[in-house]
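Raw entry.pdb, PDB, C-alpha atoms:
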```pdb
ATOM      1  CA  MET A1340     -38.824  -5.125  78.226  1.00  0.00           C
ATOM      2  CA  LYS A1341     -35.689  -4.859  76.153  1.00  0.00           C
ATOM      3  CA  ALA A1342     -35.700  -5.506  72.442  1.00  0.00           C
ATOM      4  CA  ILE A1343     -33.518  -8.544  72.010  1.00  0.00           C
ATOM      5  CA  ILE A1344     -30.785  -8.169  69.429  1.00  0.00           C
ATOM      6  CA  PRO A1345     -28.022 -10.787  69.434  1.00  0.00           C
ATOM      7  CA  ALA A1346     -24.687  -9.448  70.717  1.00  0.00           C
ATOM      8  CA  ASP A1347     -22.903 -10.832  67.654  1.00  0.00           C
ATOM      9  CA  LEU A1348     -25.199  -8.823  65.374  1.00  0.00           C
ATOM     10  CA  ILE A1349     -24.502  -5.695  67.433  1.00  0.00           C
ATOM     11  CA  ILE A1350     -20.736  -6.192  67.248  1.00  0.00           C
ATOM     12  CA  LYS A1351     -20.902  -6.868  63.498  1.00  0.00           C
ATOM     13  CA  THR A1352     -23.064  -3.792  62.851  1.00  0.00           C
ATOM     14  CA  VAL A1353     -20.824  -1.464  64.864  1.00  0.00           C
ATOM     15  CA  ALA A1354     -17.709  -2.883  63.189  1.00  0.00           C
ATOM     16  CA  ARG A1355     -19.179  -2.302  59.731  1.00  0.00           C
ATOM     17  CA  HIS A1356     -20.239   1.230  60.664  1.00  0.00           C
ATOM     18  CA  TYR A1357     -16.629   2.077  61.511  1.00  0.00           C
ATOM     19  CA  HIS A1358     -15.163   0.027  58.637  1.00  0.00           C
ATOM     20  CA  LEU A1359     -13.401  -2.316  61.047  1.00  0.00           C
ATOM     21  CA  GLU A1360     -12.992  -6.060  61.194  1.00  0.00           C
ATOM     22  CA  ILE A1361     -14.938  -7.711  64.008  1.00  0.00           C
ATOM     23  CA  GLY A1362     -11.650  -8.876  65.534  1.00  0.00           C
ATOM     24  CA  MET A1363     -10.529  -5.275  65.874  1.00  0.00           C
ATOM     25  CA  ILE A1364     -13.402  -4.581  68.251  1.00  0.00           C
ATOM     26  CA  THR A1365     -13.011  -7.778  70.234  1.00  0.00           C
ATOM     27  CA  CYS A1366      -9.209  -7.694  70.500  1.00  0.00           C
ATOM     28  CA  PRO A1367      -7.309  -6.358  73.532  1.00  0.00           C
ATOM     29  CA  MET A1368      -5.611  -3.557  71.557  1.00  0.00           C
ATOM     30  CA  ARG A1369      -6.314  -0.070  72.835  1.00  0.00           C
ATOM     31  CA  PHE A1370      -6.122   2.071  69.746  1.00  0.00           C
ATOM     32  CA  ARG A1371      -8.467   5.037  69.886  1.00  0.00           C
ATOM     33  CA  GLU A1372     -10.546   4.049  66.835  1.00  0.00           C
ATOM     34  CA  TYR A1373     -11.012   0.542  68.236  1.00  0.00           C
ATOM     35  CA  ILE A1374     -11.888   1.730  71.733  1.00  0.00           C
ATOM     36  CA  LYS A1375     -14.658   4.035  70.510  1.00  0.00           C
ATOM     37  CA  ALA A1376     -16.272   1.230  68.492  1.00  0.00           C
ATOM     38  CA  LYS A1377     -15.800  -1.243  71.361  1.00  0.00           C
ATOM     39  CA  HIS A1378     -17.458   1.108  73.849  1.00  0.00           C
ATOM     40  CA  ILE A1379     -20.375   1.738  71.511  1.00  0.00           C
ATOM     41  CA  ALA A1380     -20.840  -1.994  70.905  1.00  0.00           C
ATOM     42  CA  MET A1381     -20.836  -2.599  74.673  1.00  0.00           C
ATOM     43  CA  TYR A1382     -23.367   0.210  75.097  1.00  0.00           C
ATOM     44  CA  PHE A1383     -25.749  -1.396  72.594  1.00  0.00           C
ATOM     45  CA  CYS A1384     -25.181  -4.871  74.073  1.00  0.00           C
ATOM     46  CA  ARG A1385     -26.266  -3.484  77.426  1.00  0.00           C
ATOM     47  CA  LYS A1386     -29.236  -1.716  75.843  1.00  0.00           C
ATOM     48  CA  TYR A1387     -30.523  -4.508  73.597  1.00  0.00           C
ATOM     49  CA  THR A1388     -29.544  -7.792  75.233  1.00  0.00           C
ATOM     50  CA  ASN A1389     -30.338  -9.475  78.511  1.00  0.00           C
ATOM     51  CA  LEU A1390     -26.666 -10.310  79.035  1.00  0.00           C
ATOM     52  CA  SER A1391     -25.077  -9.448  82.363  1.00  0.00           C
ATOM     53  CA  LEU A1392     -22.142  -7.040  82.443  1.00  0.00           C
ATOM     54  CA  ALA A1393     -19.754  -9.985  82.899  1.00  0.00           C
ATOM     55  CA  GLN A1394     -21.292 -11.825  79.925  1.00  0.00           C
ATOM     56  CA  ILE A1395     -20.922  -8.719  77.758  1.00  0.00           C
ATOM     57  CA  GLY A1396     -17.266  -8.514  78.809  1.00  0.00           C
ATOM     58  CA  LYS A1397     -16.746 -12.121  77.704  1.00  0.00           C
ATOM     59  CA  LYS A1398     -18.116 -11.280  74.250  1.00  0.00           C
ATOM     60  CA  PHE A1399     -15.193  -8.903  73.784  1.00  0.00           C
ATOM     61  CA  ARG A1400     -12.356 -11.282  74.482  1.00  0.00           C
ATOM     62  CA  SER A1401     -12.302 -12.927  71.052  1.00  0.00           C
ATOM     63  CA  LYS A1402      -9.405 -15.341  70.556  1.00  0.00           C
ATOM     64  CA  PHE A1403      -7.628 -14.208  73.715  1.00  0.00           C
ATOM     65  CA  PRO A1404      -8.860 -16.458  76.537  1.00  0.00           C
ATOM     66  CA  ASN A1405      -6.545 -14.788  79.074  1.00  0.00           C
ATOM     67  CA  PHE A1406      -7.922 -11.370  78.164  1.00  0.00           C
ATOM     68  CA  THR A1407     -11.261 -10.710  79.809  1.00  0.00           C
ATOM     69  CA  LEU A1408     -13.168  -7.545  80.435  1.00  0.00           C
ATOM     70  CA  ASP A1409     -14.821  -7.494  83.811  1.00  0.00           C
ATOM     71  CA  HIS A1410     -18.118  -5.844  84.659  1.00  0.00           C
ATOM     72  CA  SER A1411     -16.451  -2.574  85.704  1.00  0.00           C
ATOM     73  CA  THR A1412     -14.920  -2.143  82.238  1.00  0.00           C
ATOM     74  CA  VAL A1413     -18.315  -2.607  80.619  1.00  0.00           C
ATOM     75  CA  THR A1414     -19.907  -0.203  83.110  1.00  0.00           C
ATOM     76  CA  TYR A1415     -17.226   2.368  82.306  1.00  0.00           C
ATOM     77  CA  ALA A1416     -17.842   1.936  78.549  1.00  0.00           C
ATOM     78  CA  VAL A1417     -21.625   2.331  78.899  1.00  0.00           C
ATOM     79  CA  ASN A1418     -21.266   5.393  81.134  1.00  0.00           C
ATOM     80  CA  SER A1419     -18.697   6.883  78.764  1.00  0.00           C
ATOM     81  CA  VAL A1420     -21.058   6.549  75.795  1.00  0.00           C
ATOM     82  CA  ASN A1421     -23.940   8.024  77.809  1.00  0.00           C
ATOM     83  CA  ASP A1422     -21.772  11.006  78.783  1.00  0.00           C
ATOM     84  CA  GLN A1423     -20.770  11.580  75.159  1.00  0.00           C
ATOM     85  CA  ILE A1424     -24.394  11.372  74.019  1.00  0.00           C
ATOM     86  CA  ASP A1425     -25.331  14.021  76.571  1.00  0.00           C
ATOM     87  CA  CYS A1426     -22.626  16.495  75.628  1.00  0.00           C
ATOM     88  CA  CYS A1427     -21.843  16.013  71.944  1.00  0.00           C
ATOM     89  CA  SER A1428     -24.463  16.338  69.206  1.00  0.00           C
ATOM     90  CA  ASP A1429     -22.218  14.746  66.547  1.00  0.00           C
ATOM     91  CA  TYR A1430     -21.698  11.717  68.760  1.00  0.00           C
ATOM     92  CA  ARG A1431     -25.448  11.568  69.468  1.00  0.00           C
ATOM     93  CA  GLU A1432     -26.151  11.542  65.717  1.00  0.00           C
ATOM     94  CA  GLU A1433     -23.622   8.743  65.254  1.00  0.00           C
ATOM     95  CA  ILE A1434     -25.290   6.666  67.973  1.00  0.00           C
ATOM     96  CA  TYR A1435     -28.694   7.392  66.429  1.00  0.00           C
ATOM     97  CA  GLU A1436     -27.456   6.177  63.024  1.00  0.00           C
ATOM     98  CA  ILE A1437     -26.016   2.951  64.452  1.00  0.00           C
ATOM     99  CA  ASN A1438     -29.226   2.440  66.427  1.00  0.00           C
ATOM    100  CA  ARG A1439     -31.258   2.820  63.222  1.00  0.00           C
ATOM    101  CA  LYS A1440     -29.061   0.228  61.479  1.00  0.00           C
ATOM    102  CA  LEU A1441     -29.405  -2.160  64.405  1.00  0.00           C
ATOM    103  CA  ARG A1442     -33.185  -1.863  64.509  1.00  0.00           C
ATOM    104  CA  THR A1443     -33.404  -2.477  60.749  1.00  0.00           C
ATOM    105  CA  LYS A1444     -31.063  -5.468  60.873  1.00  0.00           C
ATOM    106  CA  SER A1445     -32.766  -6.929  63.916  1.00  0.00           C
ATOM    107  CA  LYS A1446     -36.156  -6.791  62.178  1.00  0.00           C
ATOM    108  CA  ARG A1447     -34.673  -8.711  59.249  1.00  0.00           C
ATOM    109  CA  HIS A1448     -33.020 -11.131  61.666  1.00  0.00           C
ATOM    110  CA  ILE A1449     -36.324 -11.751  63.499  1.00  0.00           C
ATOM    111  CA  GLU A1450     -38.164 -12.279  60.197  1.00  0.00           C
ATOM    112  CA  GLU A1451     -35.533 -14.846  59.157  1.00  0.00           C
ATOM    113  CA  ILE A1452     -36.019 -16.655  62.469  1.00  0.00           C
ATOM    114  CA  LYS A1453     -39.804 -16.639  61.970  1.00  0.00           C
ATOM    115  CA  ILE A1454     -39.380 -18.120  58.491  1.00  0.00           C
ATOM    116  CA  VAL A1455     -37.129 -20.885  59.805  1.00  0.00           C
ATOM    117  CA  ASP A1456     -39.483 -21.534  62.739  1.00  0.00           C
ATOM    118  CA  SER A1457     -42.519 -21.729  60.459  1.00  0.00           C
ATOM    119  CA  GLU A1458     -40.684 -24.130  58.144  1.00  0.00           C
ATOM    120  CA  VAL A1459     -39.769 -26.313  61.128  1.00  0.00           C
ATOM    121  CA  TYR A1460     -43.363 -26.103  62.378  1.00  0.00           C
ATOM    122  CA  MET A1461     -44.705 -27.087  58.956  1.00  0.00           C
ATOM    123  CA  GLU A1462     -42.190 -29.920  58.771  1.00  0.00           C
ATOM    124  CA  ASN A1463     -43.242 -31.209  62.213  1.00  0.00           C
ATOM    125  CA  ASP A1464     -46.898 -30.852  61.218  1.00  0.00           C
ATOM    126  CA  PHE A1465     -46.205 -32.959  58.132  1.00  0.00           C
ATOM    127  CA  TYR A1466     -44.775 -35.807  60.235  1.00  0.00           C
ATOM    128  CA  LYS A1467     -47.752 -35.800  62.620  1.00  0.00           C
ATOM    129  CA  ASN A1468     -50.197 -36.700  59.840  1.00  0.00           C
TER     130      ASN A1468
END
```
Mind converting the file's structure to structure tokens?
Amino acid sequence: MKAIIPADLIIKTVARHYHLEIGMITCPMRFREYIKAKHIAMYFCRKYTNLSLAQIGKKFRSKFPNFTLDHSTVTYAVNSVNDQIDCCSDYREEIYEINRKLRTKSKRHIEEIKIVDSEVYMENDFYKN
């Protein structure tokens, strides 16, 4: 079973790692520094979400409704990252660091959800009495 990390949290984490605005990753521009971050974000979306390839592509269209990434683009991005991990130790370390950040942030995110859920549960419990 996959660990579930929201795609928006993945995109935000990758953007911060590369000192980019979120819109730079989700925009249709093809500058090298944006493409690398976009591919890595797609890789982690595939790894940590239950989204289909088409759904992941839709996450990267931002404010450009006519610009969509189809499943083959996402597949290419994921395969590209996997190839780089296999052949480049610096790239592997970078992926490891982003992965560590994601796992840390997702734990915090899950704890926040649990707190909100328990507050809602307690609130509902209060009204039952």
(request) Apply the PyMOL selection byres ((chain A and resi 1349-1353) around 12) to the structure shown and report the selected residues as a VMD selection string. (result) chain A and resid 1343 to 1348 1354 to 1365 1372 to 1388 1395 1398 to 1399 1401 1433 to 1445 1448
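Rounded to one decimal, atom CA of Cys1427 of chain A and atom CA of His1410 of chain A lie 25.6 Å from each other.
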(request) To one decimal in Å, tell me the separation between atom CA of Gln1394 of chain A and atom CA of Asp1429 of chain A. (result) 29.8 Å
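Here atom CA of Gly1396 of chain A stands at a distance of 14.7 Å from atom CA of Asn1418 of chain A.
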(message) Calculated over all atoms listed in the file, which of the candidates A:Val1420, A:Cys1366, A:Cys1426, A:Val1413 has the smallest distance to Arg1400 of chain A?
(response) A:Cys1366
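Minimum distance to Tyr1415 of chain A across A:Arg1431, A:Arg1371, A:Lys1397, A:Leu1392 (counting all atoms listed in the file) occurs at A:Leu1392.
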Expected file for segment 1413-1424 of chain A keeping all heavy atoms, as a JSON list (two decimals), in the first residue's frame:
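Here's the written file result33.json:
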```json
[["chain", "number", "residue", "atom", "x", "y", "z"],
["A", 1413, "VAL", "N", 3.55, 12.01, -18.19],
["A", 1413, "VAL", "CA", 3.83, 11.64, -16.81],
["A", 1413, "VAL", "C", 4.68, 10.37, -16.77],
["A", 1413, "VAL", "O", 5.64, 10.29, -15.99],
["A", 1413, "VAL", "CB", 2.52, 11.47, -16.00],
["A", 1413, "VAL", "CG1", 2.81, 11.04, -14.58],
["A", 1413, "VAL", "CG2", 1.70, 12.76, -16.01],
["A", 1414, "THR", "N", 4.35, 9.40, -17.61],
["A", 1414, "THR", "CA", 5.15, 8.18, -17.68],
["A", 1414, "THR", "C", 6.59, 8.50, -18.05],
["A", 1414, "THR", "O", 7.53, 7.96, -17.45],
["A", 1414, "THR", "CB", 4.55, 7.20, -18.71],
["A", 1414, "THR", "OG1", 3.22, 6.88, -18.30],
["A", 1414, "THR", "CG2", 5.36, 5.92, -18.80],
["A", 1415, "TYR", "N", 6.77, 9.38, -19.03],
["A", 1415, "TYR", "CA", 8.11, 9.77, -19.44],
["A", 1415, "TYR", "C", 8.86, 10.42, -18.27],
["A", 1415, "TYR", "O", 10.04, 10.11, -18.02],
["A", 1415, "TYR", "CB", 8.06, 10.75, -20.62],
["A", 1415, "TYR", "CG", 9.41, 11.29, -20.98],
["A", 1415, "TYR", "CD1", 10.28, 10.54, -21.77],
["A", 1415, "TYR", "CD2", 9.85, 12.52, -20.50],
["A", 1415, "TYR", "CE1", 11.55, 11.02, -22.08],
["A", 1415, "TYR", "CE2", 11.10, 13.00, -20.80],
["A", 1415, "TYR", "CZ", 11.95, 12.25, -21.60],
["A", 1415, "TYR", "OH", 13.20, 12.72, -21.89],
["A", 1416, "ALA", "N", 8.19, 11.30, -17.53],
["A", 1416, "ALA", "CA", 8.82, 11.99, -16.39],
["A", 1416, "ALA", "C", 9.25, 10.98, -15.32],
["A", 1416, "ALA", "O", 10.38, 11.05, -14.82],
["A", 1416, "ALA", "CB", 7.86, 13.01, -15.80],
["A", 1417, "VAL", "N", 8.37, 10.06, -14.99],
["A", 1417, "VAL", "CA", 8.67, 9.05, -13.95],
["A", 1417, "VAL", "C", 9.84, 8.17, -14.40],
["A", 1417, "VAL", "O", 10.78, 7.92, -13.62],
["A", 1417, "VAL", "CB", 7.42, 8.21, -13.63],
["A", 1417, "VAL", "CG1", 7.77, 7.03, -12.73],
["A", 1417, "VAL", "CG2", 6.34, 9.08, -12.99],
["A", 1418, "ASN", "N", 9.81, 7.72, -15.64],
["A", 1418, "ASN", "CA", 10.90, 6.89, -16.16],
["A", 1418, "ASN", "C", 12.21, 7.66, -16.21],
["A", 1418, "ASN", "O", 13.28, 7.10, -15.92],
["A", 1418, "ASN", "CB", 10.55, 6.34, -17.54],
["A", 1418, "ASN", "CG", 9.45, 5.30, -17.49],
["A", 1418, "ASN", "OD1", 9.20, 4.70, -16.44],
["A", 1418, "ASN", "ND2", 8.78, 5.10, -18.59],
["A", 1419, "SER", "N", 12.14, 8.93, -16.56],
["A", 1419, "SER", "CA", 13.33, 9.78, -16.62],
["A", 1419, "SER", "C", 13.98, 9.91, -15.25],
["A", 1419, "SER", "O", 15.20, 9.80, -15.10],
["A", 1419, "SER", "CB", 12.94, 11.15, -17.17],
["A", 1419, "SER", "OG", 13.99, 12.05, -17.09],
["A", 1420, "VAL", "N", 13.16, 10.13, -14.23],
["A", 1420, "VAL", "CA", 13.69, 10.25, -12.86],
["A", 1420, "VAL", "C", 14.29, 8.91, -12.43],
["A", 1420, "VAL", "O", 15.39, 8.87, -11.86],
["A", 1420, "VAL", "CB", 12.59, 10.73, -11.88],
["A", 1420, "VAL", "CG1", 13.07, 10.64, -10.44],
["A", 1420, "VAL", "CG2", 12.17, 12.16, -12.21],
["A", 1421, "ASN", "N", 13.60, 7.82, -12.71],
["A", 1421, "ASN", "CA", 14.14, 6.50, -12.35],
["A", 1421, "ASN", "C", 15.48, 6.24, -13.02],
["A", 1421, "ASN", "O", 16.40, 5.71, -12.38],
["A", 1421, "ASN", "CB", 13.14, 5.39, -12.72],
["A", 1421, "ASN", "CG", 12.06, 5.23, -11.68],
["A", 1421, "ASN", "OD1", 12.29, 5.38, -10.49],
["A", 1421, "ASN", "ND2", 10.86, 4.95, -12.14],
["A", 1422, "ASP", "N", 15.61, 6.60, -14.29],
["A", 1422, "ASP", "CA", 16.88, 6.43, -15.00],
["A", 1422, "ASP", "C", 17.99, 7.25, -14.36],
["A", 1422, "ASP", "O", 19.12, 6.78, -14.21],
["A", 1422, "ASP", "CB", 16.73, 6.82, -16.48],
["A", 1422, "ASP", "CG", 15.86, 5.85, -17.26],
["A", 1422, "ASP", "OD1", 15.61, 4.73, -16.75],
["A", 1422, "ASP", "OD2", 15.44, 6.21, -18.38],
["A", 1423, "GLN", "N", 17.67, 8.49, -13.99],
["A", 1423, "GLN", "CA", 18.66, 9.36, -13.36],
["A", 1423, "GLN", "C", 19.08, 8.84, -11.99],
["A", 1423, "GLN", "O", 20.24, 8.93, -11.60],
["A", 1423, "GLN", "CB", 18.13, 10.79, -13.23],
["A", 1423, "GLN", "CG", 18.01, 11.53, -14.53],
["A", 1423, "GLN", "CD", 19.37, 11.79, -15.15],
["A", 1423, "GLN", "OE1", 20.31, 12.16, -14.47],
["A", 1423, "GLN", "NE2", 19.47, 11.56, -16.44],
["A", 1424, "ILE", "N", 18.13, 8.29, -11.25],
["A", 1424, "ILE", "CA", 18.44, 7.71, -9.94],
["A", 1424, "ILE", "C", 19.42, 6.55, -10.09],
["A", 1424, "ILE", "O", 20.36, 6.41, -9.32],
["A", 1424, "ILE", "CB", 17.14, 7.24, -9.23],
["A", 1424, "ILE", "CG1", 16.31, 8.44, -8.78],
["A", 1424, "ILE", "CG2", 17.46, 6.33, -8.04],
["A", 1424, "ILE", "CD1", 14.92, 8.09, -8.30]]
```
